[in-house]
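K.L.:
This is the structure, below, for whatever I ask next.
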Amino acid sequence: MKTFSAKPAEIEKDWIVVDAKGAVVGRLAAFVASRLRGKHRPDYTPHVDCGDNVVIVNADQVVFTGNKLTDKRYYRHTGHPGGIKSTTPAEVLGGDHAERVVKKAVERMLPKESPLARQQMSNLRVYTGAEHPHEAQKPETIDFKALNAKNVRIK
């Protein structure tokens, strides 16, 4: 028996839409990272981008469990001595680019920074509102919240 290895030309990518309203960030990011990598497919090949195109809507309405909304810190460095900056998820979600919380969570669940990870991240589209410009691709809507009761946190 031979081991099957998918080739990039043989891959057919699907389009899926996930509504993030009320979804727990970590669980949503783990689900989306798995779909981006293609691990849900029987022909999964680790070194080939065989995942789906994922559209996330209502990214500004995600929730965190516990006190992570105020206690969790995101760090970045300017490159200058003493240039470390930090922010909280509450500040990011309240700002102009609320979709960055979900995008960074998914990015950090993919394999380390590599050409394949960058290619897989290019298949992710995140929008803060309920509208998205990808209706022409006829995306399938996945009810992420119905998969597990822990995926949703009611305030």
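Residue numbering restarts at 1 in every chain; chains get A, B, ... in the order shown in the structure tokens, and ligands count up from 1 in that same order.
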Residues within 9 Å of region 110-122 of chain A, please, as a PyMOL selection string. Count only C-alpha atoms; anything in the same chain fewer than 5 positions from it doesn't count.

P.N.:
chain A and resi 30+33-34+36-37+47-53+103

K.L.:
Can I get the selection written as a compact mmCIF listing (two decimals), in the first residue's frame, with all heavy atoms?

P.N.:
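As a result, out_5.txt now contains:
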```
# COMPACT_ATOMS: atom_id res chain seq x y z
N ALA A 30 -9.12 27.73 17.40
CA ALA A 30 -8.68 26.35 17.20
C ALA A 30 -9.46 25.69 16.07
O ALA A 30 -8.88 24.98 15.24
CB ALA A 30 -8.86 25.55 18.49
N ALA A 33 -8.29 27.36 12.72
CA ALA A 33 -6.93 26.94 12.36
C ALA A 33 -6.94 25.52 11.78
O ALA A 33 -6.22 25.23 10.82
CB ALA A 33 -6.01 27.02 13.57
N SER A 34 -7.75 24.66 12.34
CA SER A 34 -7.86 23.30 11.83
C SER A 34 -8.44 23.28 10.42
O SER A 34 -7.98 22.52 9.56
CB SER A 34 -8.73 22.47 12.77
OG SER A 34 -8.89 21.18 12.27
N LEU A 36 -8.27 25.82 8.25
CA LEU A 36 -7.29 26.44 7.36
C LEU A 36 -6.19 25.46 6.97
O LEU A 36 -5.70 25.48 5.84
CB LEU A 36 -6.66 27.67 8.03
CG LEU A 36 -7.51 28.92 8.10
CD1 LEU A 36 -6.81 29.98 8.92
CD2 LEU A 36 -7.84 29.45 6.72
N ARG A 37 -5.79 24.61 7.90
CA ARG A 37 -4.75 23.62 7.61
C ARG A 37 -5.27 22.47 6.77
O ARG A 37 -4.51 21.82 6.07
CB ARG A 37 -4.17 23.06 8.90
CG ARG A 37 -3.36 24.10 9.65
CD ARG A 37 -2.42 23.50 10.62
NE ARG A 37 -1.38 22.76 9.91
CZ ARG A 37 -0.61 21.86 10.50
NH1 ARG A 37 -0.76 21.58 11.77
NH2 ARG A 37 0.33 21.23 9.81
N HIS A 47 2.44 19.18 4.34
CA HIS A 47 3.29 20.18 3.67
C HIS A 47 2.59 20.87 2.51
O HIS A 47 3.22 21.62 1.76
CB HIS A 47 4.58 19.51 3.18
CG HIS A 47 4.35 18.46 2.14
ND1 HIS A 47 3.98 17.17 2.48
CD2 HIS A 47 4.42 18.49 0.80
CE1 HIS A 47 3.85 16.46 1.37
NE2 HIS A 47 4.11 17.24 0.34
N VAL A 48 1.26 20.67 2.36
CA VAL A 48 0.50 21.28 1.26
C VAL A 48 -0.65 22.09 1.86
O VAL A 48 -1.28 21.66 2.82
CB VAL A 48 -0.05 20.19 0.31
CG1 VAL A 48 -0.90 20.81 -0.78
CG2 VAL A 48 1.09 19.40 -0.30
N ASP A 49 -0.92 23.24 1.27
CA ASP A 49 -2.06 24.06 1.69
C ASP A 49 -3.34 23.43 1.14
O ASP A 49 -3.73 23.70 0.01
CB ASP A 49 -1.89 25.48 1.19
CG ASP A 49 -3.05 26.38 1.57
OD1 ASP A 49 -3.80 26.01 2.50
OD2 ASP A 49 -3.22 27.44 0.94
N CYS A 50 -3.97 22.57 1.93
CA CYS A 50 -5.17 21.87 1.46
C CYS A 50 -6.40 22.27 2.27
O CYS A 50 -7.41 21.59 2.25
CB CYS A 50 -4.97 20.36 1.48
SG CYS A 50 -4.49 19.69 3.05
N GLY A 51 -6.32 23.38 2.99
CA GLY A 51 -7.43 23.82 3.81
C GLY A 51 -8.45 24.64 3.05
O GLY A 51 -8.31 24.90 1.86
N ASP A 52 -9.50 25.05 3.76
CA ASP A 52 -10.58 25.82 3.17
C ASP A 52 -10.30 27.31 3.27
O ASP A 52 -9.42 27.75 4.00
CB ASP A 52 -11.89 25.53 3.90
CG ASP A 52 -12.35 24.10 3.71
OD1 ASP A 52 -11.94 23.47 2.72
OD2 ASP A 52 -13.12 23.61 4.56
N ASN A 53 -11.08 28.08 2.52
CA ASN A 53 -11.12 29.53 2.68
C ASN A 53 -12.16 29.82 3.75
O ASN A 53 -13.30 29.38 3.63
CB ASN A 53 -11.50 30.21 1.37
CG ASN A 53 -10.41 30.09 0.34
OD1 ASN A 53 -9.34 30.65 0.50
ND2 ASN A 53 -10.67 29.33 -0.71
N LYS A 103 -7.83 37.36 14.44
CA LYS A 103 -6.79 37.05 13.44
C LYS A 103 -5.49 36.60 14.11
O LYS A 103 -4.87 35.62 13.69
CB LYS A 103 -6.54 38.29 12.58
CG LYS A 103 -5.97 37.98 11.25
CD LYS A 103 -6.10 39.18 10.34
CE LYS A 103 -5.96 38.70 8.91
NZ LYS A 103 -6.43 39.61 7.94
```

K.L.:
May I have the residues within 12 Å of region 67-83 of chain A as a PyMOL selection string, using only C-alpha atoms and disregarding those fewer than 2 positions away in the same chain?

P.N.:
chain A and resi 24-26+62-65+85-94+100-101+104-105

K.L.:
Excluding Lys145 (chain A) and its own-chain neighbours fewer than 3 positions away, which residues fall within 12 Å of it when counting only C-alpha atoms? Please give them as a short mmCIF file (atom, residue, chain, number, x, y, z; two decimals) with all heavy atoms, in the first residue's frame.

P.N.:
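Generated output (part_12.cif):
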```
data_model
loop_
_atom_site.label_atom_id
_atom_site.label_comp_id
_atom_site.auth_asym_id
_atom_site.auth_seq_id
_atom_site.Cartn_x
_atom_site.Cartn_y
_atom_site.Cartn_z
N VAL A 18 -18.20 31.55 9.23
CA VAL A 18 -18.40 31.27 10.65
C VAL A 18 -18.83 32.57 11.31
O VAL A 18 -18.17 33.60 11.16
CB VAL A 18 -17.10 30.74 11.30
CG1 VAL A 18 -17.31 30.49 12.79
CG2 VAL A 18 -16.62 29.48 10.61
N ASP A 19 -19.95 32.52 12.04
CA ASP A 19 -20.42 33.68 12.78
C ASP A 19 -19.79 33.65 14.17
O ASP A 19 -20.00 32.70 14.93
CB ASP A 19 -21.95 33.66 12.88
CG ASP A 19 -22.51 34.92 13.51
OD1 ASP A 19 -21.73 35.86 13.77
OD2 ASP A 19 -23.72 34.97 13.76
N ALA A 20 -19.04 34.69 14.52
CA ALA A 20 -18.30 34.72 15.78
C ALA A 20 -19.06 35.41 16.90
O ALA A 20 -18.51 35.59 17.98
CB ALA A 20 -16.97 35.41 15.57
N LYS A 21 -20.30 35.78 16.69
CA LYS A 21 -21.05 36.51 17.72
C LYS A 21 -21.26 35.61 18.93
O LYS A 21 -21.87 34.56 18.86
CB LYS A 21 -22.41 36.95 17.17
CG LYS A 21 -23.20 37.77 18.13
CD LYS A 21 -24.47 38.28 17.51
CE LYS A 21 -25.22 39.18 18.47
NZ LYS A 21 -26.43 39.72 17.86
N GLY A 22 -20.70 36.03 20.07
CA GLY A 22 -20.83 35.28 21.31
C GLY A 22 -19.93 34.07 21.42
O GLY A 22 -20.00 33.33 22.40
N ALA A 23 -19.05 33.83 20.45
CA ALA A 23 -18.17 32.66 20.47
C ALA A 23 -16.94 32.93 21.33
O ALA A 23 -16.44 34.05 21.40
CB ALA A 23 -17.75 32.30 19.06
N VAL A 24 -16.46 31.89 22.00
CA VAL A 24 -15.25 31.98 22.81
C VAL A 24 -14.05 32.01 21.86
O VAL A 24 -13.93 31.18 20.96
CB VAL A 24 -15.16 30.79 23.77
CG1 VAL A 24 -13.87 30.83 24.57
CG2 VAL A 24 -16.36 30.77 24.71
N VAL A 25 -13.15 32.97 22.06
CA VAL A 25 -12.07 33.24 21.12
C VAL A 25 -11.16 32.03 20.91
O VAL A 25 -10.87 31.66 19.77
CB VAL A 25 -11.22 34.45 21.59
CG1 VAL A 25 -10.02 34.65 20.71
CG2 VAL A 25 -12.05 35.69 21.61
N ARG A 27 -11.60 28.77 21.40
CA ARG A 27 -12.26 27.64 20.74
C ARG A 27 -12.51 27.95 19.27
O ARG A 27 -12.35 27.09 18.41
CB ARG A 27 -13.57 27.31 21.44
CG ARG A 27 -13.35 26.64 22.78
CD ARG A 27 -14.67 26.40 23.49
NE ARG A 27 -14.47 25.44 24.55
CZ ARG A 27 -14.60 24.13 24.41
NH1 ARG A 27 -14.91 23.61 23.24
NH2 ARG A 27 -14.42 23.32 25.42
N LEU A 28 -12.89 29.19 18.98
CA LEU A 28 -13.11 29.61 17.60
C LEU A 28 -11.80 29.55 16.82
O LEU A 28 -11.76 29.03 15.70
CB LEU A 28 -13.69 31.02 17.56
CG LEU A 28 -13.88 31.64 16.18
CD1 LEU A 28 -14.96 30.90 15.42
CD2 LEU A 28 -14.22 33.11 16.31
N PHE A 31 -10.77 25.94 16.01
CA PHE A 31 -11.60 25.38 14.95
C PHE A 31 -11.18 25.92 13.58
O PHE A 31 -11.01 25.17 12.62
CB PHE A 31 -13.07 25.70 15.23
CG PHE A 31 -14.00 25.31 14.12
CD1 PHE A 31 -14.39 24.00 13.93
CD2 PHE A 31 -14.49 26.26 13.24
CE1 PHE A 31 -15.24 23.63 12.91
CE2 PHE A 31 -15.34 25.93 12.22
CZ PHE A 31 -15.72 24.60 12.05
N VAL A 62 -16.82 38.76 19.81
CA VAL A 62 -16.31 37.55 20.44
C VAL A 62 -16.20 37.79 21.94
O VAL A 62 -16.19 38.93 22.41
CB VAL A 62 -14.94 37.14 19.88
CG1 VAL A 62 -15.05 36.72 18.44
CG2 VAL A 62 -13.93 38.24 20.05
N THR A 141 -22.33 28.00 5.30
CA THR A 141 -22.35 28.53 6.66
C THR A 141 -22.21 27.39 7.66
O THR A 141 -22.98 26.43 7.61
CB THR A 141 -23.65 29.30 6.93
OG1 THR A 141 -23.75 30.35 5.96
CG2 THR A 141 -23.66 29.90 8.31
N ILE A 142 -21.23 27.50 8.55
CA ILE A 142 -21.01 26.49 9.58
C ILE A 142 -21.54 27.06 10.89
O ILE A 142 -21.16 28.15 11.29
CB ILE A 142 -19.50 26.19 9.73
CG1 ILE A 142 -18.92 25.71 8.42
CG2 ILE A 142 -19.25 25.23 10.86
CD1 ILE A 142 -18.79 24.25 8.24
N ASN A 148 -20.68 22.53 20.02
CA ASN A 148 -20.42 22.21 21.42
C ASN A 148 -21.00 23.34 22.26
O ASN A 148 -20.87 24.51 21.90
CB ASN A 148 -18.91 22.08 21.66
CG ASN A 148 -18.56 21.52 23.02
OD1 ASN A 148 -19.32 21.67 23.97
ND2 ASN A 148 -17.42 20.87 23.11
N ALA A 149 -21.58 23.00 23.40
CA ALA A 149 -22.17 24.02 24.26
C ALA A 149 -21.12 24.96 24.83
O ALA A 149 -21.42 26.12 25.16
CB ALA A 149 -22.94 23.35 25.40
N LYS A 150 -19.87 24.51 24.95
CA LYS A 150 -18.82 25.36 25.50
C LYS A 150 -18.30 26.39 24.50
O LYS A 150 -17.52 27.25 24.86
CB LYS A 150 -17.66 24.49 25.96
CG LYS A 150 -17.98 23.61 27.14
CD LYS A 150 -16.75 22.82 27.52
CE LYS A 150 -17.03 21.95 28.70
NZ LYS A 150 -15.84 21.14 29.06
N ASN A 151 -18.70 26.29 23.24
CA ASN A 151 -18.23 27.24 22.23
C ASN A 151 -18.84 28.61 22.39
O ASN A 151 -18.35 29.57 21.81
CB ASN A 151 -18.54 26.72 20.83
CG ASN A 151 -17.71 25.52 20.46
OD1 ASN A 151 -16.73 25.21 21.13
ND2 ASN A 151 -18.08 24.83 19.40
N VAL A 152 -19.91 28.73 23.16
CA VAL A 152 -20.61 30.01 23.32
C VAL A 152 -20.63 30.39 24.77
O VAL A 152 -20.81 29.55 25.66
CB VAL A 152 -22.06 29.91 22.79
CG1 VAL A 152 -22.78 31.22 22.94
CG2 VAL A 152 -22.07 29.44 21.37
N ARG A 153 -20.42 31.67 25.04
CA ARG A 153 -20.51 32.18 26.39
C ARG A 153 -21.54 33.29 26.38
O ARG A 153 -21.39 34.29 25.71
CB ARG A 153 -19.14 32.72 26.80
CG ARG A 153 -19.03 33.32 28.17
CD ARG A 153 -19.34 32.35 29.30
NE ARG A 153 -18.51 31.16 29.28
CZ ARG A 153 -17.70 30.81 30.23
NH1 ARG A 153 -17.55 31.56 31.30
NH2 ARG A 153 -17.01 29.71 30.15
N ILE A 154 -22.63 33.09 27.09
CA ILE A 154 -23.68 34.10 27.22
C ILE A 154 -23.31 35.03 28.36
O ILE A 154 -23.00 34.58 29.46
CB ILE A 154 -25.07 33.46 27.49
CG1 ILE A 154 -25.35 32.35 26.49
CG2 ILE A 154 -26.14 34.51 27.49
CD1 ILE A 154 -25.55 32.78 25.08
#
```

K.L.:
Looking only at the backbone, which of the residues in region 58-91 of chain A does DSSP tag as alpha helix (DSSP H), as JSON, numbers by chain?

P.N.:
{"A": [68, 69, 70, 71, 89, 90, 91]}

K.L.:
Please run DSSP on the backbone and report, as a VMD selection string, all residues within region 4-145 of chain A that come out as strand (DSSP E).

P.N.:
chain A and resid 15 to 19 53 to 57 74 to 77 84 to 87 124 to 126 140 to 142

K.L.:
Quick one: write out the picked residues with N, CA, C and O atoms as a CSV table (one decimal), in the first residue's frame?

P.N.:
```
chain,number,residue,atom,x,y,z
A,15,TRP,N,-15.4,27.2,0.6
A,15,TRP,CA,-15.5,28.4,1.3
A,15,TRP,C,-16.5,28.2,2.4
A,15,TRP,O,-17.6,27.7,2.2
A,16,ILE,N,-16.2,28.6,3.6
A,16,ILE,CA,-17.1,28.5,4.7
A,16,ILE,C,-17.2,29.9,5.4
A,16,ILE,O,-16.2,30.7,5.4
A,17,VAL,N,-18.3,30.1,6.1
A,17,VAL,CA,-18.6,31.3,6.8
A,17,VAL,C,-18.8,30.9,8.3
A,17,VAL,O,-19.6,30.0,8.5
A,18,VAL,N,-18.2,31.5,9.2
A,18,VAL,CA,-18.4,31.3,10.6
A,18,VAL,C,-18.8,32.6,11.3
A,18,VAL,O,-18.2,33.6,11.2
A,19,ASP,N,-19.9,32.5,12.0
A,19,ASP,CA,-20.4,33.7,12.8
A,19,ASP,C,-19.8,33.7,14.2
A,19,ASP,O,-20.0,32.7,14.9
A,53,ASN,N,-11.1,28.1,2.5
A,53,ASN,CA,-11.1,29.5,2.7
A,53,ASN,C,-12.2,29.8,3.7
A,53,ASN,O,-13.3,29.4,3.6
A,54,VAL,N,-11.8,30.5,4.8
A,54,VAL,CA,-12.7,30.8,5.9
A,54,VAL,C,-13.0,32.3,6.0
A,54,VAL,O,-12.1,33.1,6.0
A,55,VAL,N,-14.3,32.6,6.2
A,55,VAL,CA,-14.7,34.0,6.4
A,55,VAL,C,-15.3,34.0,7.8
A,55,VAL,O,-16.3,33.3,8.1
A,56,ILE,N,-14.8,34.9,8.6
A,56,ILE,CA,-15.4,35.1,10.0
A,56,ILE,C,-16.1,36.4,10.0
A,56,ILE,O,-15.5,37.5,9.6
A,57,VAL,N,-17.4,36.4,10.4
A,57,VAL,CA,-18.1,37.7,10.5
A,57,VAL,C,-18.4,37.9,12.0
A,57,VAL,O,-18.4,37.0,12.8
A,74,TYR,N,-1.3,41.6,25.5
A,74,TYR,CA,-0.7,41.4,24.2
A,74,TYR,C,0.5,42.3,24.1
A,74,TYR,O,0.4,43.5,24.3
A,75,TYR,N,1.7,41.7,23.9
A,75,TYR,CA,2.9,42.5,23.9
A,75,TYR,C,3.5,42.6,22.4
A,75,TYR,O,3.3,41.7,21.6
A,76,ARG,N,4.1,43.8,22.2
A,76,ARG,CA,4.9,44.0,21.0
A,76,ARG,C,6.1,44.9,21.3
A,76,ARG,O,6.1,45.5,22.4
A,77,HIS,N,7.0,44.9,20.4
A,77,HIS,CA,8.3,45.7,20.7
A,77,HIS,C,8.6,46.6,19.5
A,77,HIS,O,8.5,46.1,18.4
A,84,ILE,N,9.0,48.2,24.7
A,84,ILE,CA,7.9,47.2,24.8
A,84,ILE,C,6.6,47.9,25.1
A,84,ILE,O,6.5,48.8,25.9
A,85,LYS,N,5.6,47.5,24.3
A,85,LYS,CA,4.3,48.0,24.4
A,85,LYS,C,3.3,46.9,24.8
A,85,LYS,O,3.5,45.8,24.3
A,86,SER,N,2.3,47.2,25.5
A,86,SER,CA,1.3,46.1,25.8
A,86,SER,C,-0.1,46.7,25.7
A,86,SER,O,-0.3,47.9,25.9
A,87,THR,N,-1.1,45.8,25.5
A,87,THR,CA,-2.5,46.2,25.4
A,87,THR,C,-3.3,45.0,25.9
A,87,THR,O,-2.8,43.9,26.0
A,124,LEU,N,-7.8,33.3,5.2
A,124,LEU,CA,-8.7,33.7,6.3
A,124,LEU,C,-9.1,35.2,6.0
A,124,LEU,O,-8.2,36.0,5.8
A,125,ARG,N,-10.4,35.4,6.1
A,125,ARG,CA,-10.9,36.8,6.0
A,125,ARG,C,-11.7,37.0,7.2
A,125,ARG,O,-12.6,36.3,7.5
A,126,VAL,N,-11.5,38.1,7.9
A,126,VAL,CA,-12.1,38.5,9.2
A,126,VAL,C,-12.8,39.8,9.0
A,126,VAL,O,-12.2,40.8,8.6
A,140,GLU,N,-20.4,28.1,2.4
A,140,GLU,CA,-21.3,27.3,3.2
A,140,GLU,C,-21.2,27.8,4.7
A,140,GLU,O,-20.1,28.1,5.2
A,141,THR,N,-22.3,28.0,5.3
A,141,THR,CA,-22.3,28.5,6.7
A,141,THR,C,-22.2,27.4,7.7
A,141,THR,O,-23.0,26.4,7.6
A,142,ILE,N,-21.2,27.5,8.5
A,142,ILE,CA,-21.0,26.5,9.6
A,142,ILE,C,-21.5,27.1,10.9
A,142,ILE,O,-21.2,28.2,11.3
```

K.L.:
Please compute the CA of Arg41 (chain A)-CA of Asn58 (chain A) distance, one decimal, in Å.

P.N.:
26.4 Å

K.L.:
Hey, can you check how far CA of Arg108 (chain A) sits from CA of Tyr127 (chain A)?

P.N.:
18.5 Å

K.L.:
Pick out the closest residue to Glu107 (chain A) from this set: A:Ala130, A:Met1, A:Val32, A:Ala59. Count only C-alpha atoms.

P.N.:
A:Val32

K.L.:
Using only C-alpha atoms, which residues sit within 7 Å of Asp60 (chain A) once same-chain residues fewer than 4 positions away are excluded, as an MDAnalysis selection string?

P.N.:
chainID A and resid 93 98:99 128

K.L.:
Write to file, as a compact mmCIF listing (two decimals), in the first residue's frame, the residues of the selection just made, with C-alpha atoms.

P.N.:
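Ended up saving to out10.txt:
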```txt
# COMPACT_ATOMS: atom_id res chain seq x y z
CA LEU A 93 -11.95 45.10 20.71
CA ALA A 98 -11.33 44.68 16.52
CA GLU A 99 -10.81 41.85 14.03
CA THR A 128 -16.29 43.07 12.22
```

K.L.:
What's the separation between CA of Ser5 (chain A) and CA of His40 (chain A), in Å to one decimal place?

P.N.:
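Interatomic distance here is 15.4 Å.
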